[in-house]
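Asks: As input, take my_file28.cif (mmCIF, C-alpha atoms and all ligand atoms):
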data_coords
loop_
_atom_site.label_atom_id
_atom_site.label_comp_id
_atom_site.auth_asym_id
_atom_site.auth_seq_id
_atom_site.Cartn_x
_atom_site.Cartn_y
_atom_site.Cartn_z
CA PRO A 154 47.38 120.03 239.22
CA TYR A 155 50.35 120.04 241.60
CA PRO A 156 49.62 122.44 244.53
CA LEU A 157 52.60 124.75 243.89
CA ASP A 158 54.65 125.88 240.88
CA VAL A 159 57.86 125.06 242.74
CA GLU A 160 60.18 126.25 239.98
CA ALA A 161 58.48 129.66 240.02
CA VAL A 162 58.77 129.75 243.82
CA ARG A 163 62.46 128.82 243.68
CA ALA A 164 63.12 131.78 241.38
CA ASP A 165 62.14 134.06 244.30
CA PHE A 166 64.96 132.66 246.48
CA PRO A 167 68.40 133.44 244.97
CA ILE A 168 70.09 131.66 247.90
CA LEU A 169 68.91 128.37 246.41
CA GLN A 170 71.43 128.87 243.58
CA ARG A 171 74.25 128.69 246.14
CA LYS A 172 76.99 126.10 245.67
CA VAL A 173 78.38 124.53 248.85
CA GLY A 174 80.66 121.70 249.98
CA GLY A 175 84.03 123.45 249.72
CA ASP A 176 85.97 124.82 252.69
CA VAL A 177 83.96 127.26 254.76
CA THR A 178 85.26 130.70 253.84
CA ALA A 179 83.74 134.12 254.39
CA PRO A 180 79.95 134.27 253.84
CA GLY A 181 78.95 133.55 250.26
CA GLU A 182 80.32 131.23 247.64
CA GLY A 183 84.02 130.40 247.85
CA GLU A 184 86.25 128.25 245.70
CA GLY A 185 85.59 124.57 246.11
CA ASP A 186 81.89 125.25 246.63
CA THR A 187 80.74 123.00 243.81
CA LYS A 188 77.68 121.16 245.10
CA PRO A 189 74.21 122.67 244.48
CA LEU A 190 72.65 123.54 247.86
CA VAL A 191 69.87 121.18 248.95
CA TYR A 192 68.37 123.09 251.88
CA LEU A 193 66.31 120.82 254.13
CA ASP A 194 66.59 122.70 257.46
CA ASN A 195 63.41 124.76 257.23
CA ALA A 196 62.10 123.83 260.68
CA ALA A 197 65.15 125.70 262.02
CA THR A 198 64.67 128.68 259.75
CA SER A 199 63.22 129.25 256.30
CA HIS A 200 64.75 131.30 253.49
CA THR A 201 63.58 134.80 252.58
CA PRO A 202 62.11 135.57 249.14
CA ASP A 203 63.14 138.65 247.15
CA GLN A 204 59.72 140.17 247.83
CA VAL A 205 60.47 140.23 251.57
CA VAL A 206 64.11 141.31 251.20
CA ASP A 207 62.97 144.15 248.89
CA THR A 208 60.38 145.23 251.49
CA ILE A 209 63.09 145.53 254.14
CA ALA A 210 65.43 147.40 251.77
CA ASP A 211 62.61 149.71 250.70
CA TYR A 212 61.77 150.52 254.32
CA TYR A 213 65.35 151.50 255.15
CA ARG A 214 65.80 153.33 251.88
CA SER A 215 62.65 155.37 251.82
CA TYR A 216 60.67 155.61 255.04
CA ASN A 217 62.83 154.46 257.95
CA SER A 218 61.70 156.25 261.09
CA ASN A 219 60.75 155.61 264.68
CA VAL A 220 57.09 154.77 265.17
CA HIS A 221 54.14 155.74 267.31
CA ARG A 222 53.09 158.94 265.79
CA GLY A 223 56.02 161.27 265.50
CA ILE A 224 54.59 164.34 263.75
CA HIS A 225 56.83 164.26 260.70
CA GLN A 226 55.79 162.37 257.57
CA LEU A 227 58.37 159.59 257.70
CA SER A 228 57.23 158.69 261.19
CA GLN A 229 53.62 158.69 260.03
CA GLU A 230 54.48 156.37 257.13
CA ALA A 231 56.52 154.01 259.30
CA SER A 232 53.86 153.99 262.03
CA THR A 233 51.10 153.22 259.54
CA ALA A 234 53.06 150.36 257.99
CA TYR A 235 53.97 148.95 261.40
CA GLU A 236 50.37 149.13 262.64
CA HIS A 237 49.00 147.61 259.41
CA ALA A 238 51.44 144.71 259.87
CA HIS A 239 49.61 143.91 263.11
CA ASP A 240 46.28 144.02 261.24
CA ARG A 241 47.63 141.68 258.57
CA VAL A 242 48.83 139.16 261.15
CA ALA A 243 45.45 139.30 262.90
CA GLU A 244 43.69 138.55 259.61
CA PHE A 245 46.14 135.74 258.75
CA ILE A 246 45.61 133.81 262.01
CA GLY A 247 41.92 134.64 262.55
CA ALA A 248 42.36 137.01 265.49
CA GLU A 249 39.74 139.69 266.26
CA GLY A 250 42.17 142.52 265.48
CA ARG A 251 45.54 144.17 266.18
CA GLU A 252 44.70 144.39 269.91
CA GLU A 253 45.30 140.62 270.10
CA VAL A 254 48.61 140.64 268.21
CA VAL A 255 51.80 141.50 270.13
CA PHE A 256 55.07 141.61 268.18
CA THR A 257 57.95 139.91 269.99
CA LYS A 258 61.45 138.88 268.94
CA ASN A 259 60.46 135.23 268.43
CA THR A 260 58.32 132.39 269.79
CA THR A 261 60.59 131.99 272.79
CA GLU A 262 60.01 135.57 273.88
CA ALA A 263 56.24 135.14 273.41
CA GLU A 264 56.28 132.17 275.79
CA ASN A 265 58.32 134.17 278.32
CA LEU A 266 56.02 137.17 278.03
CA VAL A 267 53.02 135.10 279.16
CA ALA A 268 55.11 133.25 281.75
CA TYR A 269 56.20 136.51 283.41
CA ALA A 270 53.17 138.73 282.76
CA TRP A 271 50.56 136.06 283.56
CA GLY A 272 52.26 132.98 285.08
CA LEU A 273 54.16 134.65 287.90
CA ASN A 274 51.05 136.55 288.99
CA GLU A 275 48.43 133.86 288.55
CA LEU A 276 50.11 130.56 289.48
CA GLY A 277 50.54 129.13 292.98
CA PRO A 278 51.25 125.80 294.72
CA GLU A 279 47.63 124.69 294.37
CA ASP A 280 47.77 125.02 290.55
CA ASN A 281 49.18 122.72 287.91
CA VAL A 282 50.48 123.47 284.42
CA VAL A 283 50.16 120.73 281.81
CA LEU A 284 52.77 120.37 279.05
CA THR A 285 53.48 117.54 276.65
CA GLU A 286 56.59 115.34 276.45
CA MET A 287 57.23 116.70 272.95
CA GLU A 288 57.40 120.39 273.90
CA HIS A 289 60.21 122.54 272.51
CA HIS A 290 62.51 124.08 275.15
CA ALA A 291 60.89 127.47 274.41
CA SER A 292 57.83 126.35 276.35
CA LEU A 293 59.18 123.37 278.31
CA VAL A 294 62.02 125.19 280.09
CA THR A 295 59.99 128.38 280.49
CA TRP A 296 57.02 126.76 282.25
CA GLN A 297 59.23 124.30 284.13
CA GLN A 298 61.05 127.28 285.69
CA ILE A 299 57.81 129.20 286.33
CA GLY A 300 56.60 126.08 288.14
CA LYS A 301 59.69 126.24 290.37
CA LYS A 302 59.19 129.93 291.09
CA THR A 303 55.48 129.64 291.88
CA GLY A 304 55.21 126.15 293.32
CA ALA A 305 52.79 125.11 290.59
CA ASP A 306 52.99 121.43 289.64
CA VAL A 307 54.25 120.89 286.06
CA ARG A 308 52.92 117.74 284.36
CA PHE A 309 53.69 116.16 280.98
CA ILE A 310 51.18 114.42 278.73
CA ARG A 311 52.73 111.19 277.50
CA VAL A 312 53.75 110.66 273.90
CA ASP A 313 52.97 107.12 272.75
CA ASP A 314 55.20 104.82 270.70
CA ASP A 315 54.20 106.22 267.31
CA GLY A 316 54.80 109.78 268.42
CA ARG A 317 51.21 110.82 269.06
CA LEU A 318 49.85 112.41 272.24
CA ASP A 319 48.21 109.96 274.65
CA MET A 320 44.85 111.71 274.96
CA ASP A 321 43.68 109.28 277.66
CA HIS A 322 46.66 110.44 279.72
CA ALA A 323 45.73 114.05 278.91
CA ARG A 324 42.25 113.45 280.33
CA ASP A 325 43.85 111.99 283.49
CA LEU A 326 46.27 114.92 283.95
CA VAL A 327 43.94 117.85 283.28
CA ASP A 328 41.79 118.61 286.33
CA ASP A 329 40.11 121.55 288.05
CA ASP A 330 43.53 122.74 289.32
CA THR A 331 44.93 122.98 285.77
CA ALA A 332 45.57 126.68 285.29
CA MET A 333 47.16 126.34 281.88
CA ALA A 334 48.07 123.75 279.25
CA ASN A 335 50.96 124.43 276.91
CA VAL A 336 50.91 122.30 273.80
CA VAL A 337 52.97 122.37 270.65
CA HIS A 338 50.73 122.41 267.57
CA VAL A 339 53.25 120.57 265.37
CA SER A 340 56.25 118.84 266.91
CA ASN A 341 59.54 120.07 265.40
CA THR A 342 61.06 116.65 266.07
CA LEU A 343 58.28 114.13 265.45
CA GLY A 344 56.22 115.96 262.84
CA THR A 345 53.16 115.07 264.90
CA VAL A 346 50.17 117.37 264.40
CA ASN A 347 48.48 117.58 267.81
CA PRO A 348 44.69 117.80 268.32
CA VAL A 349 44.94 121.28 269.84
CA ALA A 350 41.23 122.12 269.47
CA GLU A 351 40.30 118.91 271.32
CA LEU A 352 42.86 119.71 274.02
CA ALA A 353 41.51 123.26 274.31
CA ASP A 354 37.99 121.85 274.84
CA LEU A 355 39.27 119.53 277.56
CA VAL A 356 41.19 122.27 279.39
CA HIS A 357 38.40 124.83 279.03
CA ASP A 358 35.98 122.31 280.58
CA HIS A 359 38.19 122.65 283.67
CA ASP A 360 38.41 126.48 283.38
CA GLY A 361 42.07 126.36 282.40
CA LEU A 362 43.81 128.41 279.69
CA VAL A 363 45.52 126.97 276.60
CA PHE A 364 48.74 128.27 275.08
CA VAL A 365 49.52 126.77 271.66
CA ASP A 366 53.07 126.88 270.31
CA GLY A 367 52.46 127.37 266.59
CA ALA A 368 56.06 127.86 265.46
CA GLN A 369 55.81 124.80 263.17
CA SER A 370 52.16 125.13 262.17
CA VAL A 371 51.53 128.76 261.13
CA PRO A 372 54.25 128.68 258.41
CA HIS A 373 52.98 125.40 256.98
CA MET A 374 49.19 125.16 257.13
CA PRO A 375 46.06 127.30 257.53
CA VAL A 376 45.64 128.24 261.20
CA ASP A 377 42.59 129.83 262.80
CA VAL A 378 43.24 130.65 266.45
CA GLN A 379 39.53 131.21 267.15
CA ALA A 380 38.56 127.84 265.63
CA ILE A 381 41.15 126.25 267.95
CA ASP A 382 39.91 128.55 270.71
CA ALA A 383 43.49 129.10 271.91
CA ASP A 384 43.87 131.65 274.67
CA PHE A 385 47.47 132.31 273.66
CA PHE A 386 49.26 131.34 270.45
CA ALA A 387 52.87 132.01 269.41
CA PHE A 388 54.99 131.74 266.26
CA SER A 389 58.11 133.21 264.59
CA GLY A 390 58.51 135.16 261.37
CA HIS A 391 61.86 133.60 260.41
CA LYS A 392 60.22 130.21 259.90
CA MET A 393 57.72 131.57 257.40
CA CYS A 394 59.72 133.52 254.79
CA GLY A 395 60.18 136.46 257.19
CA PRO A 396 63.37 137.83 258.77
CA THR A 397 64.71 136.88 262.19
CA GLY A 398 63.81 139.24 265.04
CA ILE A 399 60.04 139.10 264.67
CA GLY A 400 57.64 136.78 266.45
CA VAL A 401 54.01 137.03 267.44
CA LEU A 402 52.09 136.45 270.62
CA TYR A 403 48.36 136.14 269.99
CA GLY A 404 46.26 136.55 273.14
CA LYS A 405 42.51 136.85 273.70
CA GLN A 406 41.89 140.55 274.26
CA HIS A 407 40.31 140.20 277.71
CA LEU A 408 43.35 138.24 278.92
CA LEU A 409 45.86 140.76 277.56
CA GLU A 410 43.79 143.59 279.07
CA GLU A 411 43.98 141.93 282.52
CA MET A 412 47.73 141.21 282.28
CA GLN A 413 50.33 143.65 283.56
CA PRO A 414 53.31 144.33 281.26
CA TYR A 415 56.65 142.84 282.26
CA LEU A 416 58.85 145.08 280.12
CA TYR A 417 58.59 148.76 281.02
CA GLY A 418 59.76 151.89 279.23
CA GLY A 419 58.79 154.17 276.36
CA GLU A 420 56.02 153.45 273.81
CA MET A 421 54.16 151.19 276.27
CA ILE A 422 53.00 154.10 278.47
CA ARG A 423 50.20 156.64 278.05
CA THR A 424 51.12 158.95 280.97
CA VAL A 425 54.08 158.98 283.35
CA THR A 426 54.56 160.99 286.53
CA TYR A 427 57.28 160.63 289.14
CA GLU A 428 54.80 158.64 291.19
CA ASP A 429 53.30 156.22 288.69
CA SER A 430 52.46 155.44 285.05
CA GLU A 431 49.47 154.46 282.96
CA TRP A 432 49.79 151.92 280.17
CA GLU A 433 49.12 152.34 276.46
CA ASP A 434 46.28 150.48 274.74
CA LEU A 435 46.77 146.98 273.34
CA PRO A 436 48.93 145.71 271.79
CA TRP A 437 51.41 148.57 272.44
CA LYS A 438 51.26 147.93 276.21
CA PHE A 439 53.41 144.86 275.58
CA GLU A 440 55.79 146.44 273.08
CA ALA A 441 58.24 148.46 275.20
CA GLY A 442 60.93 150.60 273.59
CA THR A 443 61.62 150.99 269.87
CA PRO A 444 59.94 147.93 268.34
CA VAL A 445 61.00 145.59 265.56
CA ILE A 446 59.78 147.97 262.86
CA ALA A 447 61.42 146.68 259.65
CA GLN A 448 60.91 143.09 260.74
CA GLY A 449 57.22 143.65 261.47
CA ILE A 450 56.68 145.27 258.07
CA ALA A 451 58.62 142.38 256.48
CA LEU A 452 56.37 139.85 258.25
CA HIS A 453 53.45 141.54 256.50
CA ALA A 454 55.21 140.96 253.17
CA ALA A 455 55.97 137.33 254.12
CA ILE A 456 52.29 136.71 254.87
CA ASP A 457 51.33 138.27 251.53
CA TYR A 458 53.85 135.99 249.81
CA LEU A 459 52.51 132.84 251.49
CA GLU A 460 48.87 133.78 250.94
CA ASP A 461 49.60 134.31 247.24
CA LEU A 462 50.73 130.67 247.18
CA GLY A 463 47.74 129.65 249.35
CA MET A 464 48.27 128.00 252.73
CA GLU A 465 46.23 124.97 251.65
CA ASN A 466 48.61 124.55 248.71
CA VAL A 467 51.66 125.00 250.97
CA HIS A 468 50.29 122.31 253.28
CA ALA A 469 49.44 119.92 250.44
CA HIS A 470 52.88 120.37 248.88
CA GLU A 471 54.63 119.60 252.19
CA GLN A 472 52.46 116.57 252.89
CA LEU A 473 53.47 115.11 249.52
CA LEU A 474 57.13 115.72 250.32
CA ALA A 475 56.84 114.30 253.84
CA GLU A 476 55.18 111.13 252.56
CA TYR A 477 57.75 110.74 249.79
CA ALA A 478 60.68 111.26 252.19
CA TYR A 479 59.17 108.83 254.72
CA ASP A 480 58.61 106.17 252.06
CA ARG A 481 62.07 106.55 250.57
CA LEU A 482 63.94 106.55 253.88
CA THR A 483 62.05 103.54 255.21
CA GLU A 484 63.35 101.53 252.23
CA TYR A 485 66.41 100.98 254.46
CA ASP A 486 65.86 98.76 257.50
CA ASP A 487 68.75 100.44 259.34
CA VAL A 488 67.08 103.87 259.10
CA ASN A 489 64.87 104.68 262.11
CA ILE A 490 62.30 107.45 261.68
CA TYR A 491 60.68 109.02 264.77
CA GLY A 492 57.02 110.02 264.81
CA PRO A 493 53.84 109.02 262.97
CA PRO A 494 53.65 107.44 259.50
CA GLY A 495 54.40 109.51 256.39
CA ASP A 496 50.74 110.19 255.61
CA ASP A 497 49.98 111.60 259.06
CA ARG A 498 52.74 114.11 259.78
CA ALA A 499 53.87 117.63 258.97
CA GLY A 500 56.68 118.38 256.51
CA LEU A 501 59.64 117.07 258.51
CA VAL A 502 61.36 113.76 259.20
CA ALA A 503 63.76 113.13 262.09
CA PHE A 504 65.73 109.91 261.81
CA ASN A 505 68.90 108.01 262.63
CA VAL A 506 70.96 105.44 260.73
CA ASP A 507 72.07 102.49 262.85
CA GLY A 508 75.74 102.83 263.76
CA VAL A 509 76.05 106.39 262.47
CA HIS A 510 75.95 109.33 264.89
CA ALA A 511 73.60 112.06 263.69
CA HIS A 512 76.44 114.57 263.63
CA ASP A 513 78.56 112.33 261.40
CA LEU A 514 75.53 111.74 259.20
CA SER A 515 74.80 115.45 258.78
CA SER A 516 78.46 116.10 258.06
CA ILE A 517 78.44 113.59 255.22
CA LEU A 518 75.17 115.05 253.97
CA ASN A 519 76.82 118.47 254.00
CA ASP A 520 79.60 117.07 251.81
CA HIS A 521 76.83 116.24 249.35
CA GLY A 522 75.45 119.78 249.61
CA VAL A 523 72.48 118.59 251.69
CA ALA A 524 71.66 120.79 254.73
CA VAL A 525 69.82 119.05 257.57
CA ARG A 526 69.81 119.66 261.32
CA ALA A 527 71.53 117.24 263.72
CA GLY A 528 71.09 117.35 267.47
CA ASP A 529 68.17 117.36 269.86
CA HIS A 530 66.23 120.15 268.08
CA CYS A 531 65.65 121.83 271.46
CA THR A 532 63.67 118.78 272.60
CA GLN A 533 66.27 117.10 274.84
CA PRO A 534 63.78 115.39 277.21
CA LEU A 535 62.04 113.86 274.18
CA HIS A 536 65.36 112.50 272.91
CA ASP A 537 66.03 111.03 276.36
CA LYS A 538 62.60 109.41 276.25
CA LEU A 539 63.39 108.00 272.78
CA ASP A 540 66.71 106.84 274.25
CA ILE A 541 68.75 108.62 271.56
CA ALA A 542 71.46 111.25 272.02
CA ALA A 543 70.57 113.08 268.83
CA SER A 544 68.77 112.76 265.52
CA ALA A 545 69.13 114.12 262.01
CA ARG A 546 66.14 116.09 260.76
CA ALA A 547 65.13 116.96 257.22
CA SER A 548 62.40 119.61 257.07
CA PHE A 549 60.68 120.93 253.98
CA TYR A 550 59.18 124.13 252.67
CA VAL A 551 57.63 125.69 249.60
CA TYR A 552 60.80 125.59 247.47
CA ASN A 553 61.81 121.94 248.07
CA THR A 554 61.33 119.21 245.46
CA ARG A 555 61.12 115.42 245.26
CA GLU A 556 64.44 115.48 243.42
CA GLU A 557 66.00 117.12 246.49
CA ILE A 558 64.64 114.30 248.63
CA ASP A 559 66.26 111.85 246.21
CA GLU A 560 69.54 113.74 246.80
CA LEU A 561 68.98 113.38 250.57
CA VAL A 562 68.36 109.64 250.30
CA GLU A 563 71.39 109.16 248.04
CA ALA A 564 73.57 110.96 250.61
CA VAL A 565 72.08 108.92 253.47
CA ASP A 566 72.78 105.73 251.51
CA ASP A 567 76.34 106.94 250.95
CA ALA A 568 76.75 107.41 254.71
CA ARG A 569 75.32 103.94 255.35
CA GLN A 570 77.90 102.39 253.06
CA LEU A 571 80.69 104.40 254.62
CA PHE A 572 79.87 103.41 258.19
CA ALA A 573 78.35 100.00 257.63
C1 LIG B 1 58.02 123.97 267.98
C2 LIG B 1 58.93 125.14 268.21
N1 LIG B 1 58.66 125.99 269.21
C3 LIG B 1 59.45 127.06 269.47
C4 LIG B 1 60.57 127.31 268.70
C5 LIG B 1 61.42 128.52 269.04
O1 LIG B 1 61.33 129.45 267.99
P1 LIG B 1 62.32 130.71 268.06
O2 LIG B 1 63.70 130.14 268.07
O3 LIG B 1 62.01 131.50 266.82
O4 LIG B 1 61.97 131.41 269.35
C6 LIG B 1 60.89 126.46 267.63
C7 LIG B 1 62.11 126.75 266.78
N2 LIG B 1 62.64 125.60 266.12
C8 LIG B 1 63.97 125.21 266.45
C9 LIG B 1 65.01 126.23 266.12
O5 LIG B 1 66.04 125.48 265.41
N3 LIG B 1 65.59 124.19 265.15
C10 LIG B 1 64.35 124.01 265.65
O6 LIG B 1 63.63 123.06 265.45
C11 LIG B 1 60.06 125.35 267.37
O7 LIG B 1 60.33 124.49 266.37
#
Would it be possible to restate this file's structure as structure tokens?
Ligand SMILES: Cc1ncc(COP(=O)(O)O)c(CN[C@@H]2CONC2=O)c1O

Replies:
Amino acid sequence: PYPLDVEAVRADFPILQRKVGGDVTAPGEGEGDTKPLVYLDNAATSHTPDQVVDTIADYYRSYNSNVHRGIHQLSQEASTAYEHAHDRVAEFIGAEGREEVVFTKNTTEAENLVAYAWGLNELGPEDNVVLTEMEHHASLVTWQQIGKKTGADVRFIRVDDDGRLDMDHARDLVDDDTAMANVVHVSNTLGTVNPVAELADLVHDHDGLVFVDGAQSVPHMPVDVQAIDADFFAFSGHKMCGPTGIGVLYGKQHLLEEMQPYLYGGEMIRTVTYEDSEWEDLPWKFEAGTPVIAQGIALHAAIDYLEDLGMENVHAHEQLLAEYAYDRLTEYDDVNIYGPPGDDRAGLVAFNVDGVHAHDLSSILNDHGVAVRAGDHCTQPLHDKLDIAASARASFYVYNTREEIDELVEAVDDARQLFA
């Protein structure tokens, strides 16, 4: 049987009934919006099912309160839900427990948390930090700048011509001075799924730490951070049926225990005197101030939603779509797709059409009601390496269909004719 009942899934996302393609008016459908929305920009952000929206509404309507054990009942209810959300995330990614799950605003903040709370204190001129050429700016810029501040040497593992990591080059770059490797699990531009467990083995053999950027893997496939043996792992709720404003930093407990916080204030302290302060237990030590309460509780609901579908089924569904999109787009010899073949990539395809700038292409696709991303997808150095200014990217999720990919291809063909 097909891995997902896509029509049943689509019924959970009212936004998919939107019509678009008219003049942009105030939010929501305006006159002239006549084209059915074909939403293929899920690597940027996913949509939010009713089950998650209802969870957020229910929180604000019936137990909104500040957390961390106020005495009154609402605070108890909100605190319990917020803490259980940490437990649910830990279970979902295979962490030991809530002590290893810090809620952040997004993946970017998770990278910065480790860069400031660990990198600035641990790195020096004798160290090196190993990245890959396909890193997203969230890790690339962060660790590049930490390298400048600390004197650590920042190195980049080469990406070969079919968009895969050059593991021979990785073995050359990683040495006994490698303090950390930062590797994206799934490239948001190439669709490449990197061998993160193999990389972790290599780096651990040299006593280095491994930080995996899982923004494009956790929403789309089963992930077990202990099987990978990642020391740090980050992802965002808005890419996995959750709201914006919630991300997760996973960290091995002993590492988080050793790290000093880099954001100070309420909630993260146990005792404060005029002279000094003591920190709260994990993970609260890294969650200063009033946290992202509704968003954290909504992430719990998003995980429940995805687990009801089954992450293996989500992954299988997306692999079928990726292969179909790859096969259909490569029917045209003036369409260039970046990254590995269709049967060896995650659910996204970045491409260009000869003679058509990606922005013009995405604009024509929008006229057809098809939403894709155009630009460098926060991987500018990778685009420079590919010698392209920008690319268009179609990215899939649980509610997309083969028919929507046919719509994409029809719109691309239309653009080809227009600009040919
Ligand atoms: C691989 C990867 N890492 C980190 C991030 C940063 O996530 P936050 O923005 O939630 O911190 C993204 C977001 N993806 C970008 C966002 O828009 N389009 C993209 O491909 C990503 O794809």

Asks: At a cut-off of 10 Å, can you tabulate as a tab-separated table every residue of stretch 330-389 of chain A near stretch 271-277 of chain A together with its closest atom pair and the distance in Å to one decimal, using all atoms listed in the file and ordering rows by chain then number?

Replies:
residue	atom	partner	partner_atom	distance
A:Thr331	CA	A:Leu276	CA	9.9
A:Ala332	CA	A:Leu276	CA	7.3
A:Met333	CA	A:Gly272	CA	9.0

Asks: Any chance you could work out the axis-aligned box around stretch 478-489 of chain A, listed atoms only, 6 Å on each side, giving centre and edge lengths in Å to one decimal, as JSON?

Replies:
{"center_x": 63.7, "center_y": 105.0, "center_z": 256.3, "size_x": 22.1, "size_y": 24.5, "size_z": 23.5}

Asks: I'd like the contact shell of A:Ile456 - 12 Å cut-off, all atoms listed in the file, skipping same-chain residues fewer than 4 positions apart - returned as a ChimeraX atom specification.

Replies: /A:201-202,204-205,238-246,371-373,375,389-396,449-452,460-464

Asks: List the spatial neighbours of A:Tyr479 as an MDAnalysis selection string - criterion: any atom at most 8 Å away, all atoms listed in the file, same-chain residues fewer than 2 positions off excluded.

Replies: chainID A and resid 475:477 481:483 490 494:495 502

Asks: Near A:Ala161, counting all atoms listed in the file, which residues have an atom at most 12 Å away, once you skip same-chain residues fewer than 2 positions from it, shown as a ChimeraX atom specification?

Replies: /A:157-159,163-167,202,462,551-553

Asks: Of the candidates A:Pro348, A:Gly500, A:Gly250, A:Gly400, which one gets nearest to ligand LIG 1 (chain B) if we count all atoms listed in the file?

Replies: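 Ranking A:Pro348, A:Gly500, A:Gly250, A:Gly400 by distance to ligand LIG 1 (chain B), first place goes to A:Gly400.
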
Asks: In Å, with one decimal, what is the gap from atom CA of A:Ala511 to atom CA of A:His530?

Replies: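 Atom CA of A:Ala511 sits 11.8 Å away from atom CA of A:His530.
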
Asks: Give me, please, the distance in Å between atom CA of A:Pro156 and atom CA of A:Asn347, quoted to one decimal.

Replies: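 Atom-to-atom, atom CA of A:Pro156 to atom CA of A:Asn347, that is 23.8 Å.
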
Asks: Name the residues in contact with A:Phe256 at a cut-off of 9 Å, using only C-alpha atoms, excluding same-chain residues fewer than 3 positions from it; report them as a count of residues only.

Replies: 15

Asks: Quote the spacing between atom CA of A:Gly181 and atom CA of A:Ser515 in Å to one decimal place.

Replies: 20.4 Å

Asks: Show which residues sit within 7 Å of A:Gly522, as a VMD selection string. Count only C-alpha atoms, and ignore same-chain residues fewer than 5 positions away.

Replies: chain A and resid 173 to 174 188 to 191

Asks: To check your reading of the model: which residues sit at most 9 Å from ligand LIG 1 (chain B) when counting all atoms listed in the file? Write the answer as a PyMOL selection string.

Replies: chain A and resi 194-198+258-264+287-292+337-342+366-370+387-392+397-400+526+529-532+546

Asks: For the selection you just gave me, I'd like the residues written to a file as a short mmCIF file (atom, residue, chain, number, x, y, z; two decimals), keeping the file's coordinate frame, keeping C-alpha atoms.

Replies:
data_model
loop_
_atom_site.label_atom_id
_atom_site.label_comp_id
_atom_site.auth_asym_id
_atom_site.auth_seq_id
_atom_site.Cartn_x
_atom_site.Cartn_y
_atom_site.Cartn_z
CA ASP A 194 66.59 122.70 257.46
CA ASN A 195 63.41 124.76 257.23
CA ALA A 196 62.10 123.83 260.68
CA ALA A 197 65.15 125.70 262.02
CA THR A 198 64.67 128.68 259.75
CA LYS A 258 61.45 138.88 268.94
CA ASN A 259 60.46 135.23 268.43
CA THR A 260 58.32 132.39 269.79
CA THR A 261 60.59 131.99 272.79
CA GLU A 262 60.01 135.57 273.88
CA ALA A 263 56.24 135.14 273.41
CA GLU A 264 56.28 132.17 275.79
CA MET A 287 57.23 116.70 272.95
CA GLU A 288 57.40 120.39 273.90
CA HIS A 289 60.21 122.54 272.51
CA HIS A 290 62.51 124.08 275.15
CA ALA A 291 60.89 127.47 274.41
CA SER A 292 57.83 126.35 276.35
CA VAL A 337 52.97 122.37 270.65
CA HIS A 338 50.73 122.41 267.57
CA VAL A 339 53.25 120.57 265.37
CA SER A 340 56.25 118.84 266.91
CA ASN A 341 59.54 120.07 265.40
CA THR A 342 61.06 116.65 266.07
CA ASP A 366 53.07 126.88 270.31
CA GLY A 367 52.46 127.37 266.59
CA ALA A 368 56.06 127.86 265.46
CA GLN A 369 55.81 124.80 263.17
CA SER A 370 52.16 125.13 262.17
CA ALA A 387 52.87 132.01 269.41
CA PHE A 388 54.99 131.74 266.26
CA SER A 389 58.11 133.21 264.59
CA GLY A 390 58.51 135.16 261.37
CA HIS A 391 61.86 133.60 260.41
CA LYS A 392 60.22 130.21 259.90
CA THR A 397 64.71 136.88 262.19
CA GLY A 398 63.81 139.24 265.04
CA ILE A 399 60.04 139.10 264.67
CA GLY A 400 57.64 136.78 266.45
CA ARG A 526 69.81 119.66 261.32
CA ASP A 529 68.17 117.36 269.86
CA HIS A 530 66.23 120.15 268.08
CA CYS A 531 65.65 121.83 271.46
CA THR A 532 63.67 118.78 272.60
CA ARG A 546 66.14 116.09 260.76
#

Asks: Have a look at A:Asn335, A:Met421, A:Ile209, A:Val565 and name the one nearest to A:Leu518; count all atoms listed in the file.

Replies: A:Val565

Asks: Which residue out of A:Gln533, A:Gln406, A:Ser516, A:Thr345 has the minimum interatomic distance to A:Tyr491 when all atoms listed in the file are used?

Replies: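 Counting all atoms listed in the file, the residue closest to A:Tyr491 is A:Thr345.
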
Asks: Can you find the residues with an atom no farther than 7 Å from (43.9, 121.4, 280.2), counting all atoms listed in the file, and report them as a short mmCIF file (atom, residue, chain, number, x, y, z; two decimals) with C-alpha atoms, in the coordinates of the input?

Replies:
data_model
loop_
_atom_site.label_atom_id
_atom_site.label_comp_id
_atom_site.auth_asym_id
_atom_site.auth_seq_id
_atom_site.Cartn_x
_atom_site.Cartn_y
_atom_site.Cartn_z
CA VAL A 283 50.16 120.73 281.81
CA VAL A 327 43.94 117.85 283.28
CA THR A 331 44.93 122.98 285.77
CA MET A 333 47.16 126.34 281.88
CA ALA A 334 48.07 123.75 279.25
CA LEU A 352 42.86 119.71 274.02
CA ALA A 353 41.51 123.26 274.31
CA LEU A 355 39.27 119.53 277.56
CA VAL A 356 41.19 122.27 279.39
CA HIS A 357 38.40 124.83 279.03
CA HIS A 359 38.19 122.65 283.67
CA GLY A 361 42.07 126.36 282.40
CA VAL A 363 45.52 126.97 276.60
#

Asks: Rank nothing, just name the residue among A:Ile224, A:Val562, A:Ala268, A:Leu416 nearest to A:Tyr485, using all atoms listed in the file.

Replies: A:Val562
